[in-house]
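Below is one structure, written out as structure tokens, with a few remarks after it.
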Amino acid sequence: MKNIWLHRFCILLAACTLLLVVAGGLVTSNDAGLSVPDWPLSYGKLMPPMVGGILYEHSHRMIATTIGLLTIILAVWLSRVERRRWLRRLGWIALAAVVAQGLLGGMTVIWMLPKPVSIAHACLAELFFSTTVAMALFTSRSWERGPQLVADTPGLHGLVLAASLAVFVQVVLGAAARHNAFGLIPHVVGAAVVAGTVLWAAFRILVSYPNHQALRKSAHTLLGFAMLQILLGLAAYMSRVAYGRSTSLSPWPPDALQPMPVMVLFTVAHVAVGALTLAASVLLAIQVFRHVPLRGGQLAPHRLPVTS
């Protein structure tokens with residue numbers, strides 16, 4: 001592999017971005033969104049006292065700043081060593097997304113948590129995470145080896161795109177529910193749609209290409225994360241029912257003085273695995289379009305049979 005350190009750096013960026021998603025979930029789950037009332041500084045300082053909700057909010061900002069710096073490094077690195085123009089452009093698109101995400105974060109503070117901005121902030125974070133995971137794939141040894149082309153299965157390309165779209169819509173619905181834009185029912189209905197779409201896409205791939213390593217692993221990964229996400233969603237809901245006073249996605253029952261740790265745990269885990277599910281759906285779509293030519297496309301001499 002010509003540039004293994006670039007690949008490792010992409011993995012580092014993806015891991016840090018997932019940490020940022022967790023940190024953002026902790027801010028929302030601990031109702032710490034306005035613990036720091038100013039931006040970009042925190043109480044006019046680079047490092048305020050890390051107490052109470054300030055700990056969650058300022059930690060979130062520090063991780064976001066670190067990711068911004070890492071993304072600048074990646075964009076410059078790609079522009080200097082990467083021969084693929086589309087990947088160089090993707091690096092700069094990722095940097096633009098980080099800048100936009102930072103501005104949205106600032107707007108949530110300055111405008112005191114407007115629902116549309118807060119929802120956009122949450123969704124863009126997960127899209128950026130999927131982008132970093134995709135760049136890790138694009139710089140990997142397996143990608144460098146080239147595709148192992150197999151014959152097309154009718155409707156498969158549209159199905160994996162539908163699965164990715166369904167997962168993203170579910171992310172939007174979850175963010176809207178967490179920020180009290182509307183109730184929980186649309187998110188529950190969306191979960192059923194995602195489960196059905198993901199199950200069908202994974203089934204089609206595992207039946208049609210059981211011995212194709214890239215497709216099989218991608219299908220298993222998406223299926224595993226999607227099922228875990230559903231279980232975590234149920235656990236988060238049941239933890240609220242157990243406390244008997246709240247069935248919204250807020251981790252605070254109406255008369256609680258502090259967030260319930262078990263609710264925070266399940267809710268933040270649900271947010272993090274949601275990001276992993278979206279990234280897995282994107283990777284599956286990429287792998288299908290890479291290894292399965294659209295009907296009528298040309299197969300390379302090293303093509304595999306449908307069941308290979």
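Each chain in the structure tokens gets a letter, A, B, ..., in the order shown, and its residues are numbered from 1; ligands are numbered from 1 in order too.
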Kindly provide the residues of range 55-85 of chain A that approach range 22-25 of chain A to within 9 Å, each paired with its closest atom pair and their distance in Å to one decimal, based on only C-alpha atoms, listed by chain and increasing number, as JSON lines.
```
{"residue": "A:Tyr56", "atom": "CA", "partner": "A:Ala23", "partner_atom": "CA", "distance": 7.0}
{"residue": "A:Glu57", "atom": "CA", "partner": "A:Gly24", "partner_atom": "CA", "distance": 8.0}
{"residue": "A:Ser59", "atom": "CA", "partner": "A:Ala23", "partner_atom": "CA", "distance": 7.4}
{"residue": "A:His60", "atom": "CA", "partner": "A:Ala23", "partner_atom": "CA", "distance": 5.4}
{"residue": "A:Ile63", "atom": "CA", "partner": "A:Ala23", "partner_atom": "CA", "distance": 8.1}
```
Take the residues just selected and output them with C-alpha atoms as an mmCIF file, in the first residue's frame.
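Below is the file selection_2.cif, written as the result:
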```cif
data_model
loop_
_atom_site.group_PDB
_atom_site.id
_atom_site.type_symbol
_atom_site.label_atom_id
_atom_site.label_comp_id
_atom_site.auth_asym_id
_atom_site.auth_seq_id
_atom_site.Cartn_x
_atom_site.Cartn_y
_atom_site.Cartn_z
ATOM 1 C CA TYR A 56 -20.128 18.443 28.575
ATOM 2 C CA GLU A 57 -20.537 21.523 26.391
ATOM 3 C CA SER A 59 -15.577 19.161 25.970
ATOM 4 C CA HIS A 60 -17.804 18.918 22.909
ATOM 5 C CA ILE A 63 -13.312 17.725 20.360
#
```
*Please identify which residues in range 63-210 of chain A DSSP calls alpha helix (DSSP H) from the backbone, and express them as an MDAnalysis selection string.*
chainID A and resid 63:81 85:110 115:138 141:144 156:178 185:208
*asked:* Give me the residues near Val292 in chain A as a ChimeraX atom specification, where near means some atom within 6 Å (using only C-alpha atoms) and where sequence neighbours in that chain fewer than 5 positions away do not count.
replied: /A:149-150,152
*Neighbours of Arg141 in chain A within 12 Å (only C-alpha atoms; same-chain residues fewer than 4 positions away dropped), as a ChimeraX atom specification?*
/A:1-8,136-137,145-147
Expected file contents, prior selection, N, CA and C atoms, as an mmCIF file, in the first residue's frame:
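And here's selection-v7.cif as it stands now:
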```cif
data_model
loop_
_atom_site.group_PDB
_atom_site.id
_atom_site.type_symbol
_atom_site.label_atom_id
_atom_site.label_comp_id
_atom_site.auth_asym_id
_atom_site.auth_seq_id
_atom_site.Cartn_x
_atom_site.Cartn_y
_atom_site.Cartn_z
ATOM 1 N N MET A 1 0.857 -1.191 0.000
ATOM 2 C CA MET A 1 0.000 0.000 0.000
ATOM 3 C C MET A 1 0.892 1.240 0.000
ATOM 4 N N LYS A 2 0.664 2.146 -0.924
ATOM 5 C CA LYS A 2 1.571 3.266 -1.139
ATOM 6 C C LYS A 2 1.537 4.277 0.010
ATOM 7 N N ASN A 3 0.400 4.523 0.592
ATOM 8 C CA ASN A 3 0.313 5.552 1.621
ATOM 9 C C ASN A 3 -0.521 5.048 2.787
ATOM 10 N N ILE A 4 0.044 4.121 3.529
ATOM 11 C CA ILE A 4 -0.688 3.520 4.640
ATOM 12 C C ILE A 4 -0.969 4.538 5.733
ATOM 13 N N TRP A 5 -0.098 5.537 5.875
ATOM 14 C CA TRP A 5 -0.310 6.527 6.928
ATOM 15 C C TRP A 5 -1.497 7.422 6.625
ATOM 16 N N LEU A 6 -1.756 7.672 5.352
ATOM 17 C CA LEU A 6 -2.948 8.438 4.990
ATOM 18 C C LEU A 6 -4.201 7.663 5.374
ATOM 19 N N HIS A 7 -4.198 6.365 5.109
ATOM 20 C CA HIS A 7 -5.333 5.515 5.489
ATOM 21 C C HIS A 7 -5.524 5.508 7.002
ATOM 22 N N ARG A 8 -4.444 5.370 7.735
ATOM 23 C CA ARG A 8 -4.536 5.377 9.196
ATOM 24 C C ARG A 8 -5.034 6.721 9.720
ATOM 25 N N ALA A 136 -11.884 6.556 4.636
ATOM 26 C CA ALA A 136 -11.035 5.479 5.129
ATOM 27 C C ALA A 136 -11.095 4.271 4.189
ATOM 28 N N LEU A 137 -12.281 3.986 3.657
ATOM 29 C CA LEU A 137 -12.410 2.895 2.681
ATOM 30 C C LEU A 137 -11.657 3.232 1.398
ATOM 31 N N ARG A 145 -6.718 -2.586 -4.416
ATOM 32 C CA ARG A 145 -6.652 -3.818 -5.210
ATOM 33 C C ARG A 145 -7.638 -3.829 -6.369
ATOM 34 N N GLY A 146 -8.636 -2.989 -6.323
ATOM 35 C CA GLY A 146 -9.611 -2.942 -7.399
ATOM 36 C C GLY A 146 -10.830 -3.800 -7.107
ATOM 37 N N PRO A 147 -11.908 -3.624 -7.884
ATOM 38 C CA PRO A 147 -13.153 -4.351 -7.627
ATOM 39 C C PRO A 147 -13.085 -5.804 -8.088
#
```
*Near Phe128 in chain A, within 12 Å and counting only C-alpha atoms, which residues show up once chain neighbours fewer than 2 positions away are dropped, as a PyMOL selection string?*
chain A and resi 13-18+20-21+64+67-68+71+90-91+93-102+120-126+130-135+275-276+278-279+282
Output C-alpha atoms for every residue in that selection, as a JSON list (two decimals), in the first residue's frame.
```
[["chain", "number", "residue", "atom", "x", "y", "z"],
["A", 13, "LEU", "CA", -10.42, 11.12, 11.93],
["A", 14, "ALA", "CA", -13.41, 8.76, 11.71],
["A", 15, "ALA", "CA", -12.83, 7.53, 15.28],
["A", 16, "CYS", "CA", -12.57, 11.10, 16.59],
["A", 17, "THR", "CA", -15.75, 12.02, 14.73],
["A", 18, "LEU", "CA", -17.62, 9.16, 16.38],
["A", 20, "LEU", "CA", -17.72, 13.86, 18.78],
["A", 21, "VAL", "CA", -21.12, 12.31, 18.07],
["A", 64, "ALA", "CA", -14.97, 19.60, 17.49],
["A", 67, "ILE", "CA", -11.61, 17.42, 14.34],
["A", 68, "GLY", "CA", -11.55, 20.70, 12.45],
["A", 71, "THR", "CA", -9.79, 17.74, 8.63],
["A", 90, "LEU", "CA", -14.00, 15.04, -1.28],
["A", 91, "GLY", "CA", -11.35, 16.15, 1.21],
["A", 93, "ILE", "CA", -15.94, 19.01, 0.78],
["A", 94, "ALA", "CA", -15.33, 17.38, 4.17],
["A", 95, "LEU", "CA", -13.54, 20.52, 5.33],
["A", 96, "ALA", "CA", -16.46, 22.68, 4.15],
["A", 97, "ALA", "CA", -18.82, 20.40, 6.09],
["A", 98, "VAL", "CA", -16.74, 20.88, 9.26],
["A", 99, "VAL", "CA", -16.89, 24.64, 8.86],
["A", 100, "ALA", "CA", -20.65, 24.51, 8.30],
["A", 101, "GLN", "CA", -21.03, 22.24, 11.33],
["A", 102, "GLY", "CA", -19.10, 24.68, 13.49],
["A", 120, "ALA", "CA", -29.46, 20.26, 11.13],
["A", 121, "HIS", "CA", -26.43, 20.31, 13.45],
["A", 122, "ALA", "CA", -27.13, 16.76, 14.62],
["A", 123, "CYS", "CA", -27.76, 15.40, 11.12],
["A", 124, "LEU", "CA", -24.71, 17.03, 9.53],
["A", 125, "ALA", "CA", -22.52, 15.48, 12.22],
["A", 126, "GLU", "CA", -23.64, 12.00, 11.19],
["A", 130, "SER", "CA", -20.17, 8.71, 7.12],
["A", 131, "THR", "CA", -17.89, 10.78, 4.87],
["A", 132, "THR", "CA", -14.84, 10.09, 7.04],
["A", 133, "VAL", "CA", -15.62, 6.37, 7.09],
["A", 134, "ALA", "CA", -15.97, 6.40, 3.30],
["A", 135, "MET", "CA", -12.60, 8.15, 2.93],
["A", 275, "ALA", "CA", -24.24, 7.12, 13.27],
["A", 276, "LEU", "CA", -22.57, 3.73, 12.77],
["A", 278, "LEU", "CA", -25.80, 5.32, 8.65],
["A", 279, "ALA", "CA", -22.09, 4.90, 7.85],
["A", 282, "VAL", "CA", -23.34, 4.23, 2.95]]
```
*In terms of the shortest atom-to-atom distance over only C-alpha atoms, which of A:Ala181, A:Leu232, A:Thr197, A:Gly53 is closest to Gly158 in chain A?*
A:Thr197
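For the pair CA of Ala236 in chain A and CA of Thr267 in chain A, the separation is 5.6 Å.
If you measure from each of A:Leu265, A:Val160, A:Ala175, A:Ile119 to Leu284 in chain A using only C-alpha atoms, the closest one turns out to be A:Val160.
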*Residues near Leu156 in chain A, cut-off 10 Å, only C-alpha atoms, skip fewer than 3 positions along chain, as JSON, numbers by chain*: {"A": [152, 153, 159, 160, 161, 162, 200, 201, 204, 205, 285, 288, 289, 292, 294]}
Selected residues written out, C-alpha atoms, as a JSON list (two decimals), in the first residue's frame:
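Saved result, again.json, follows:
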```json
[["chain", "number", "residue", "atom", "x", "y", "z"],
["A", 152, "ASP", "CA", -25.99, -7.64, -11.52],
["A", 153, "THR", "CA", -28.99, -8.60, -9.41],
["A", 159, "LEU", "CA", -32.50, -1.14, -2.90],
["A", 160, "VAL", "CA", -29.19, -0.22, -1.22],
["A", 161, "LEU", "CA", -29.77, 3.45, -2.02],
["A", 162, "ALA", "CA", -33.24, 3.16, -0.48],
["A", 200, "TRP", "CA", -34.33, -7.04, 2.55],
["A", 201, "ALA", "CA", -31.13, -5.47, 1.20],
["A", 204, "ARG", "CA", -30.61, -10.06, -1.28],
["A", 205, "ILE", "CA", -26.85, -9.59, -1.02],
["A", 285, "ALA", "CA", -24.10, 1.22, -1.19],
["A", 288, "VAL", "CA", -22.50, -2.55, -4.35],
["A", 289, "PHE", "CA", -21.88, 0.18, -6.94],
["A", 292, "VAL", "CA", -21.82, -4.94, -9.10],
["A", 294, "LEU", "CA", -25.41, -1.87, -13.43]]
```
_Among the residues A:Leu104, A:Leu41, A:Leu283, A:Ala163, the one that comes closest to Val193 in chain A [using only C-alpha atoms]_ = A:Ala163
*What is the distance between CA of Ser281 in chain A and CA of Leu165 in chain A, in Å to one decimal?*
8.7 Å
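Here CA of Gln213 in chain A and CA of His291 in chain A stand 10.7 Å from one another.
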_From A:Met107, A:Leu12, A:Ala202, A:Val167, residue lying nearest His187 in chain A [only C-alpha atoms]_ = A:Val167
*Which residues, written as a ChimeraX atom specification, have at least one atom at most 12 Å from Ile230 in chain A, with only C-alpha atoms counted and residues fewer than 2 positions away on the same chain left out?*
/A:167,170,187-196,198,223-228,232-237,266-267,269-271,273-274,277
Convert the current residue selection to file output with C-alpha atoms, as a PDB file, in the first residue's frame.
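Once everything was written out, this is again-v5.pdb:
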```pdb
ATOM      1  CA  VAL A 167     -31.507   5.278   7.612  1.00  0.00           C
ATOM      2  CA  GLN A 170     -34.550   7.963  10.523  1.00  0.00           C
ATOM      3  CA  HIS A 187     -39.394   7.816  14.778  1.00  0.00           C
ATOM      4  CA  VAL A 188     -40.971   4.497  15.768  1.00  0.00           C
ATOM      5  CA  VAL A 189     -42.613   4.131  12.346  1.00  0.00           C
ATOM      6  CA  GLY A 190     -39.294   5.018  10.716  1.00  0.00           C
ATOM      7  CA  ALA A 191     -37.573   2.275  12.702  1.00  0.00           C
ATOM      8  CA  ALA A 192     -39.935  -0.302  11.201  1.00  0.00           C
ATOM      9  CA  VAL A 193     -39.245   1.014   7.684  1.00  0.00           C
ATOM     10  CA  VAL A 194     -35.481   0.931   8.248  1.00  0.00           C
ATOM     11  CA  ALA A 195     -35.615  -2.588   9.672  1.00  0.00           C
ATOM     12  CA  GLY A 196     -37.582  -3.890   6.690  1.00  0.00           C
ATOM     13  CA  VAL A 198     -32.116  -3.178   5.691  1.00  0.00           C
ATOM     14  CA  LEU A 223     -27.452  -5.770   9.584  1.00  0.00           C
ATOM     15  CA  GLY A 224     -25.650  -6.017  12.925  1.00  0.00           C
ATOM     16  CA  PHE A 225     -25.659  -2.277  13.598  1.00  0.00           C
ATOM     17  CA  ALA A 226     -29.299  -1.902  12.537  1.00  0.00           C
ATOM     18  CA  MET A 227     -30.470  -4.677  14.865  1.00  0.00           C
ATOM     19  CA  LEU A 228     -28.370  -3.300  17.746  1.00  0.00           C
ATOM     20  CA  LEU A 232     -30.957   0.255  22.041  1.00  0.00           C
ATOM     21  CA  GLY A 233     -34.004   2.249  20.987  1.00  0.00           C
ATOM     22  CA  LEU A 234     -36.235  -0.167  22.870  1.00  0.00           C
ATOM     23  CA  ALA A 235     -33.908  -0.032  25.886  1.00  0.00           C
ATOM     24  CA  ALA A 236     -33.937   3.772  25.882  1.00  0.00           C
ATOM     25  CA  TYR A 237     -37.741   3.799  25.711  1.00  0.00           C
ATOM     26  CA  PHE A 266     -28.996   4.124  26.472  1.00  0.00           C
ATOM     27  CA  THR A 267     -29.820   7.390  24.696  1.00  0.00           C
ATOM     28  CA  ALA A 269     -25.489   4.689  22.819  1.00  0.00           C
ATOM     29  CA  HIS A 270     -28.560   4.903  20.558  1.00  0.00           C
ATOM     30  CA  VAL A 271     -27.221   8.098  18.969  1.00  0.00           C
ATOM     31  CA  VAL A 273     -24.970   3.376  16.918  1.00  0.00           C
ATOM     32  CA  GLY A 274     -27.307   5.410  14.725  1.00  0.00           C
ATOM     33  CA  THR A 277     -25.694   2.390  11.064  1.00  0.00           C
TER      34      THR A 277
END
```
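When only C-alpha atoms are used to measure the gap to Leu127 in chain A, the shortest distance among A:Phe168, A:Trp92, A:Phe203, A:Phe9 belongs to A:Phe168.
Shortest atom-to-atom contact with Leu113 in chain A among A:Val264, A:Ala32, A:Ile11, A:Leu19: A:Ala32, counting only C-alpha atoms.
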